[in-house]
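Heads up, the thing below is written out as structure tokens.
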Amino acid sequence: MNELRITRENARFQQWEALLTNRSKRHRNREFLVQGVRPITRAVEEGWTVRALLRADGTTSTWADDLWASDEGERVVVSPDLHARLSGKEDGAELVAVVEMPEDGVERLSDSSRPYGPIVVFDRPTSPGNIGTLARSADAFGASALVVTGHAADPYDPQAVRASTGSLFALTVLRVPGPGPVVEWAQAHGYRIIGTDEEGSALADVDLSGRVVLVVGNETHGLSSGWRAVCDDVASISMVGSASSLNAAVAGSIILHEALRQRG
């Protein structure tokens, strides 16, 4: 197996390091970094394209050795100090993966491996961590896709990928400028659109069975007017404490769990 070795900072390394913080370069190159044993393992298991594996020189483990020998893509051995700059603190894994970013077309919603699970829309989220947390819940409760709409944080930000603990790779992930394309696809395929808001019907009274798009609003401002206008129903989560609202990812998780309960 041919291996590239990098012992000091060069153009290739700078390109990979930029993927950690530079959203524009991630999307221009259509690739992002994945750190940690579980996220990398899930990416490979779910069939995402790994363009390169980066390994710290002199390290070894059964997991890293097996993946190094079996997966396709470029193999790059980097000095430990350079590898540390790419890997972050995520469980000290010996590998970092450069993973290809999929296309964003809504037609990919038809290709999900979970064709009857809910589609989760996160409207204008500002926190990558919340995106990752909602992806984790979406995976756990059987959703088929996670769609991020509007001016929003990046689902391929390392914080989002880490927070998802690999669940991001079990979902069809899309970024869409606004409601239009998703609404058109949903209506053409027989999906109902259910929003979440403090002003809405009691959650248990809203039909979440069948084909549904579940829309979670921005952490501060809730649903946009564009999404609210196209909702077939809006669900509200009852609260009894002094908190004025729920974290957006937590609210989405509760809705997803109720949808799973109704589906039996």
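Just so we're on the same page: first chain in the structure tokens is A, next is B, and so on; residues restart at 1 for each chain, and ligands are numbered from 1 in the order they show up.
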Go through region 105-126 of chain A and flag each residue having an atom no more than 10 Å from region 203-211 of chain A; for those, report the closest pair of atoms plus their distance in Å to one decimal, using only C-alpha atoms, ordered by chain and rising number, as a tab-separated table.
```
residue	atom	partner	partner_atom	distance
A:Pro115	CA	A:Arg211	CA	9.2
A:Tyr116	CA	A:Arg211	CA	6.4
A:Gly117	CA	A:Arg211	CA	7.3
A:Pro118	CA	A:Arg211	CA	6.4
A:Ile119	CA	A:Arg211	CA	8.3
```
Restricting it to N, CA and C atoms, dump the selection as a PDB file, in the first residue's frame.
```pdb
ATOM      1  N   PRO A 115     -36.924   4.663   4.443  1.00  0.00           N
ATOM      2  CA  PRO A 115     -37.850   5.446   3.627  1.00  0.00           C
ATOM      3  C   PRO A 115     -39.122   5.886   4.343  1.00  0.00           C
ATOM      4  N   TYR A 116     -39.483   5.252   5.465  1.00  0.00           N
ATOM      5  CA  TYR A 116     -40.742   5.610   6.127  1.00  0.00           C
ATOM      6  C   TYR A 116     -40.531   6.358   7.439  1.00  0.00           C
ATOM      7  N   GLY A 117     -39.280   6.667   7.768  1.00  0.00           N
ATOM      8  CA  GLY A 117     -39.028   7.449   8.971  1.00  0.00           C
ATOM      9  C   GLY A 117     -39.309   8.913   8.734  1.00  0.00           C
ATOM     10  N   PRO A 118     -39.545   9.680   9.805  1.00  0.00           N
ATOM     11  CA  PRO A 118     -39.768  11.122   9.657  1.00  0.00           C
ATOM     12  C   PRO A 118     -38.554  11.817   9.041  1.00  0.00           C
ATOM     13  N   ILE A 119     -38.829  12.903   8.353  1.00  0.00           N
ATOM     14  CA  ILE A 119     -37.775  13.800   7.889  1.00  0.00           C
ATOM     15  C   ILE A 119     -37.717  14.957   8.876  1.00  0.00           C
TER      16      ILE A 119
END
```
Write out as a PyMOL selection string which residues come within 8 Å of Ala93 (chain A) when counting only C-alpha atoms, dropping same-chain ones fewer than 4 positions away.
chain A and resi 35-37+87
Excluding Arg42 (chain A) and any residue of its chain fewer than 6 positions from it, enumerate the residues within 9 Å of it, using only C-alpha atoms, and give them as a list in words.
Trp48, Thr165, Gly166, Ser167, Leu168, Phe169 and Ala170 of chain A
Considering only C-alpha atoms, tabulate each residue of region 106-173 of chain A that lies at most 12 Å from region 224-232 of chain A along with its nearest interatomic pair and the corresponding distance in Å to one decimal; arrange the rows by chain and ascending residue number and present them as a Markdown table.
```
| residue | atom | partner | partner_atom | distance |
| --- | --- | --- | --- | --- |
| A:Val121 | CA | A:Trp227 | CA | 9.9 |
| A:Phe122 | CA | A:Trp227 | CA | 10.6 |
| A:Asp123 | CA | A:Ser224 | CA | 7.4 |
| A:Arg124 | CA | A:Ser224 | CA | 8.5 |
| A:Pro125 | CA | A:Ser224 | CA | 11.3 |
| A:Thr149 | CA | A:Trp227 | CA | 10.0 |
| A:Gly150 | CA | A:Ser224 | CA | 9.4 |
| A:His151 | CA | A:Ser224 | CA | 11.4 |
```
Give me, as JSON, numbers by chain, the residues of region 2-206 of chain A that a backbone DSSP run labels strand (DSSP E or B).
{"A": [4, 5, 6, 31, 32, 33, 34, 35, 50, 51, 52, 53, 54, 55, 56, 74, 75, 76, 77, 78, 95, 96, 97, 98, 99, 100, 119, 120, 121, 122, 123, 145, 146, 147, 148, 149, 172, 173, 174, 175, 176, 192, 193, 194, 195, 196, 197, 198, 199, 200, 201, 202]}
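One distance worth recording is that between CA of Met101 (chain A) and CA of His221 (chain A), which is 29.0 Å.
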When you look at Leu95 (chain A) with a cut-off of 7 Å (counting only C-alpha atoms), what residues show up, excluding the ones that are within fewer than 5 positions of it in the same chain? I need them as a PDB file with N, CA and C atoms, in the first residue's frame.
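That gives us around-v2.pdb:
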```pdb
ATOM      1  N   LEU A  53      -7.224   8.724   4.862  1.00  0.00           N
ATOM      2  CA  LEU A  53      -7.037   8.458   6.285  1.00  0.00           C
ATOM      3  C   LEU A  53      -5.684   9.031   6.686  1.00  0.00           C
ATOM      4  N   LEU A  54      -5.673   9.793   7.767  1.00  0.00           N
ATOM      5  CA  LEU A  54      -4.454  10.415   8.255  1.00  0.00           C
ATOM      6  C   LEU A  54      -4.093   9.748   9.578  1.00  0.00           C
ATOM      7  N   ARG A  55      -2.868   9.234   9.657  1.00  0.00           N
ATOM      8  CA  ARG A  55      -2.451   8.467  10.823  1.00  0.00           C
ATOM      9  C   ARG A  55      -1.225   9.104  11.464  1.00  0.00           C
ATOM     10  N   ALA A  56      -1.224   9.129  12.799  1.00  0.00           N
ATOM     11  CA  ALA A  56      -0.064   9.642  13.518  1.00  0.00           C
ATOM     12  C   ALA A  56       1.085   8.645  13.404  1.00  0.00           C
ATOM     13  N   ALA A  64      -7.285   0.827  14.349  1.00  0.00           N
ATOM     14  CA  ALA A  64      -6.626   1.622  13.319  1.00  0.00           C
ATOM     15  C   ALA A  64      -5.971   0.738  12.268  1.00  0.00           C
TER      16      ALA A  64
END
```
Surrounding residues of Ser127 (chain A) excluding itself and chain neighbours under 4 positions, 9 Å, only C-alpha atoms, as a ChimeraX atom specification:
/A:131-132,152-154,159-160,219
Keeping only C-alpha atoms, write those residues as a PDB file, in the first residue's frame.
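Result file follows (result_27.pdb):
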```pdb
ATOM      1  CA  ILE A 131     -27.284  20.066  14.928  1.00  0.00           C
ATOM      2  CA  GLY A 132     -25.194  17.118  16.069  1.00  0.00           C
ATOM      3  CA  ALA A 152     -27.504  28.260   9.541  1.00  0.00           C
ATOM      4  CA  ALA A 153     -24.583  26.561  11.228  1.00  0.00           C
ATOM      5  CA  ASP A 154     -22.846  23.847   9.230  1.00  0.00           C
ATOM      6  CA  GLN A 159     -18.516  20.249  16.551  1.00  0.00           C
ATOM      7  CA  ALA A 160     -21.658  18.952  14.830  1.00  0.00           C
ATOM      8  CA  GLU A 219     -32.968  28.335  18.998  1.00  0.00           C
TER       9      GLU A 219
END
```
